[in-house]
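Novice: First, the structure itself, so that you have it in front of you.
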Amino acid sequence: MGKIASLLVLLLTHPLEFRTLVQFYLYHEQKRDITSKQEHPTSGWDRSSMRRCWKFLDMTSRSFAAVIKELEGDLARTICIYYLVLRGLDTIEDDMTIPDEIKQPVLRSFHEKTVTPGWTFSDNGPDEKDRQLLVEYDIVVEEVNRLAPQYKTIILDICQKMEIGMADYAHKAATTGTVYLETIAEYDLYCHYVAGLVGEGLTRIWAASGKEAPWLCEQMELANSMGLLLQKTNIIRDFREDVEQRRFFWPREIWAKYGFEEMKDMYEKGDTEHATWIQSGMIVDALRHACDSLDYLRLLKNQSVFVFCAVPACMAMATLALCFMNPAMFQRNIKIRKAQAADLIMRSTNAREVALIFREYARKIHAKAKPQDPNFLRISVMCGKIELWCEQNYPSFVILERNRVTYDPLDKRTVVINLEEKRAEATKNPPSGPDMLPWELATYIAGAFTLVISLSALVGYAVLKVYGE
């Protein structure tokens, strides 16, 4: 009843959003049902341990759960386990109530615990939202040990790399009292450990599954950028929640230049103008990874893998546009609306459409930029780079119709294309002379021969006439 009432309110207050949600529920078909009997060999739904893992996935991440479940074959189960392993590691690292002497050995050996039958962890604080995942972690361990060897090796390798970085940062905060990241370079390194490595692992899994080309593993810089775009967006959006729980991820290099001594000063002092300038600086930094993310998405060939990567990237761009120059972000957690999320899910089906989504939100960000903001020029450059990427890869004068490609007649580039097409056609079909009968050809040859002989005789006569005298 409550859901019907909320839909009626939405119909009255936001009719266009209501229409989008109706379209989503009616026309967006689920690609696979992991609970159906024919999917059991790859989804593992016939095992109670795997069913519990799917339940934990729904509990810890609604947004990722939907796209993970639509991955083809055993990729869905593999990525579900991969996500839960890293979520468990992150839950220990994020919990500020765990003493460092307990946290350090657990973090640094988490990849070993992940394959130790029966291992669980119950030292998280009572308010830690994902605490139950670690209390029942033996179920995850059981499913990790069921994975194909190539997947298990990748997951444990990424887990080991990530746990080292997390443990180092947690130990620094606990022993030195320094809870802030100082520089943008340090911020990038932290995001690499917690998100860039996730992108690296996913890329290796795509290649190992055969769903993507083996050479995709050579594009780790792009995979890292993809992870950093998503992680930095979450860090920007979750500002208030993180500060209240004493998790400080914004680098001091960006926010300390405006006279703030603590991150909480950005909402306690009431200096909204300077706070939004800092906010724009963080968003400029996140937009550095937009074009790399688009490059990465263009390399993906499998549709389910593409959608898995494209949907969160598009939602990240929408979230950055929502946060930009929005003082409400400092007061509470803000999220894109459900209808907007549904629209992005329906549209994120191919690289061209995703590029247009990136461009759309880049334009919204640029439209809200203020000239007095010290980051105004950098914002303009970053948004311009996204525009340029889209124009170079998907020119705006090319119009895609259902069965053919046409060109905008008002665009000067169309004239160039038409000339090139005419030249290509002329090269392919060179003009041929008129057809002639054999006797006509013989007549032409005889006439030409007679003309040449006559001219030669005339020249000879003239020479003899002149020099003979």
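By convention in this document, the chains of the structure tokens carry letters A, B, ... by their order, each chain's residues are numbered from 1, and ligands are numbered from 1 in the order they are shown.
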Show which residues sit within 7 Å of region 238-254 of chain A, as a count of residues only. Count only C-alpha atoms, and ignore same-chain residues fewer than 3 positions away.
Specialist: 17
Novice: So that I can check the secondary structure, give me every residue of region 373-402 of chain A assigned alpha helix (DSSP H) by backbone DSSP, as a count of residues only.
Specialist: 18
Novice: Could you check the closest approach to Arg288 (chain A) for each of A:Ser209, A:Asn429, A:Thr233, A:Thr349 and tell me which residue wins, using only C-alpha atoms?
Specialist: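 Answer, going by the shortest atom-to-atom distance: A:Thr233.
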Novice: What are the closest atom pairs, with distances in Å to one decimal, for all residues of region 62-108 of chain A lying within 12 Å of region 171-177 of chain A? Consider only C-alpha atoms, order rows by chain and residue number, and present the result as a Markdown table.
Specialist:
```
| residue | atom | partner | partner_atom | distance |
| --- | --- | --- | --- | --- |
| A:Glu93 | CA | A:His171 | CA | 10.1 |
| A:Asp94 | CA | A:Ala173 | CA | 11.7 |
| A:Met96 | CA | A:Ala174 | CA | 9.4 |
| A:Thr97 | CA | A:Ala174 | CA | 11.1 |
| A:Ile98 | CA | A:Ala174 | CA | 10.4 |
| A:Pro99 | CA | A:Ala174 | CA | 8.3 |
| A:Asp100 | CA | A:Ala174 | CA | 6.3 |
| A:Glu101 | CA | A:His171 | CA | 9.1 |
| A:Ile102 | CA | A:His171 | CA | 11.0 |
| A:Lys103 | CA | A:His171 | CA | 8.7 |
| A:Gln104 | CA | A:His171 | CA | 7.2 |
| A:Pro105 | CA | A:His171 | CA | 10.8 |
| A:Leu107 | CA | A:His171 | CA | 10.5 |
| A:Arg108 | CA | A:His171 | CA | 11.1 |
```
Novice: Just to confirm, what's the straight-line distance from CA of Ala167 (chain A) to CA of Ile334 (chain A) in Å (one decimal)?
Specialist: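 The value is 29.6 Å.
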Novice: Between CA of Arg347 (chain A) and CA of Val305 (chain A), what is the distance, to one decimal in Å?
Specialist: 15.2 Å
Novice: Which one is closest to Ile158 (chain A): A:Glu128, A:Glu401, A:Glu136, A:Glu200? Count only C-alpha atoms.
Specialist: A:Glu200
Novice: Would you mind telling me which residue in A:Leu21, A:Val307, A:Ile81, A:Leu356 lies nearest to Glu387 (chain A) when using only C-alpha atoms?
Specialist: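 The answer is A:Leu356, which sits nearest to Glu387 (chain A).
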Novice: Dump as CSV the rows for residues of region 71-99 of chain A within 12 Å of region 45-62 of chain A: closest atom pair and distance in Å with one decimal, only C-alpha atoms counted, ordered by chain and rising residue number.
Specialist:
```
residue,atom,partner,partner_atom,distance
A:Asp74,CA,A:Trp45,CA,11.6
A:Ala76,CA,A:Trp54,CA,10.1
A:Arg77,CA,A:Met50,CA,8.4
A:Thr78,CA,A:Met50,CA,10.8
A:Ile79,CA,A:Leu57,CA,10.2
A:Cys80,CA,A:Leu57,CA,6.8
A:Ile81,CA,A:Cys53,CA,7.4
A:Tyr82,CA,A:Leu57,CA,10.5
A:Tyr83,CA,A:Leu57,CA,7.9
A:Leu84,CA,A:Leu57,CA,6.9
A:Val85,CA,A:Cys53,CA,10.5
A:Leu86,CA,A:Thr60,CA,11.4
A:Arg87,CA,A:Thr60,CA,8.0
A:Gly88,CA,A:Thr60,CA,10.0
A:Asp90,CA,A:Thr60,CA,11.6
A:Thr91,CA,A:Thr60,CA,10.5
```
Novice: In Å to one decimal, how far is CA of Thr276 (chain A) from CA of Asn326 (chain A)?
Specialist: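 Pair CA of Asn326 (chain A) / CA of Thr276 (chain A) returns 7.1 Å.
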Novice: Do a neighbour search on region 405-421 of chain A at 10 Å with only C-alpha atoms, toss out local chain neighbours closer than 6 positions, and write the hits as JSON, numbers by chain.
Specialist: {"A": [395, 396, 397, 398, 399, 427]}
Novice: Can I get the selected residues back with N, CA and C atoms, as an mmCIF file, in the first residue's frame?
Specialist:
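The result, stored in selection38.cif:
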```
data_model
loop_
_atom_site.group_PDB
_atom_site.id
_atom_site.type_symbol
_atom_site.label_atom_id
_atom_site.label_comp_id
_atom_site.auth_asym_id
_atom_site.auth_seq_id
_atom_site.Cartn_x
_atom_site.Cartn_y
_atom_site.Cartn_z
ATOM 1 N N PRO A 395 30.895 11.548 -33.952
ATOM 2 C CA PRO A 395 30.618 12.903 -34.449
ATOM 3 C C PRO A 395 29.128 13.231 -34.426
ATOM 4 N N SER A 396 28.824 14.438 -34.017
ATOM 5 C CA SER A 396 27.424 14.835 -33.837
ATOM 6 C C SER A 396 26.672 14.995 -35.145
ATOM 7 N N PHE A 397 27.399 15.179 -36.266
ATOM 8 C CA PHE A 397 26.683 15.375 -37.535
ATOM 9 C C PHE A 397 26.244 14.041 -38.160
ATOM 10 N N VAL A 398 26.695 12.932 -37.589
ATOM 11 C CA VAL A 398 26.278 11.615 -38.067
ATOM 12 C C VAL A 398 24.977 11.241 -37.367
ATOM 13 N N ILE A 399 23.942 10.980 -38.169
ATOM 14 C CA ILE A 399 22.622 10.654 -37.636
ATOM 15 C C ILE A 399 22.355 9.177 -37.878
ATOM 16 N N THR A 427 36.272 6.318 -58.294
ATOM 17 C CA THR A 427 37.423 5.408 -58.350
ATOM 18 C C THR A 427 36.973 3.972 -58.542
#
```
Novice: Between A:Arg19, A:Lys338, A:Arg359, A:His111, single out the one closest to Tyr394 (chain A), counting only C-alpha atoms.
Specialist: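 Using only C-alpha atoms, the shortest distance to Tyr394 (chain A) belongs to A:Arg359.
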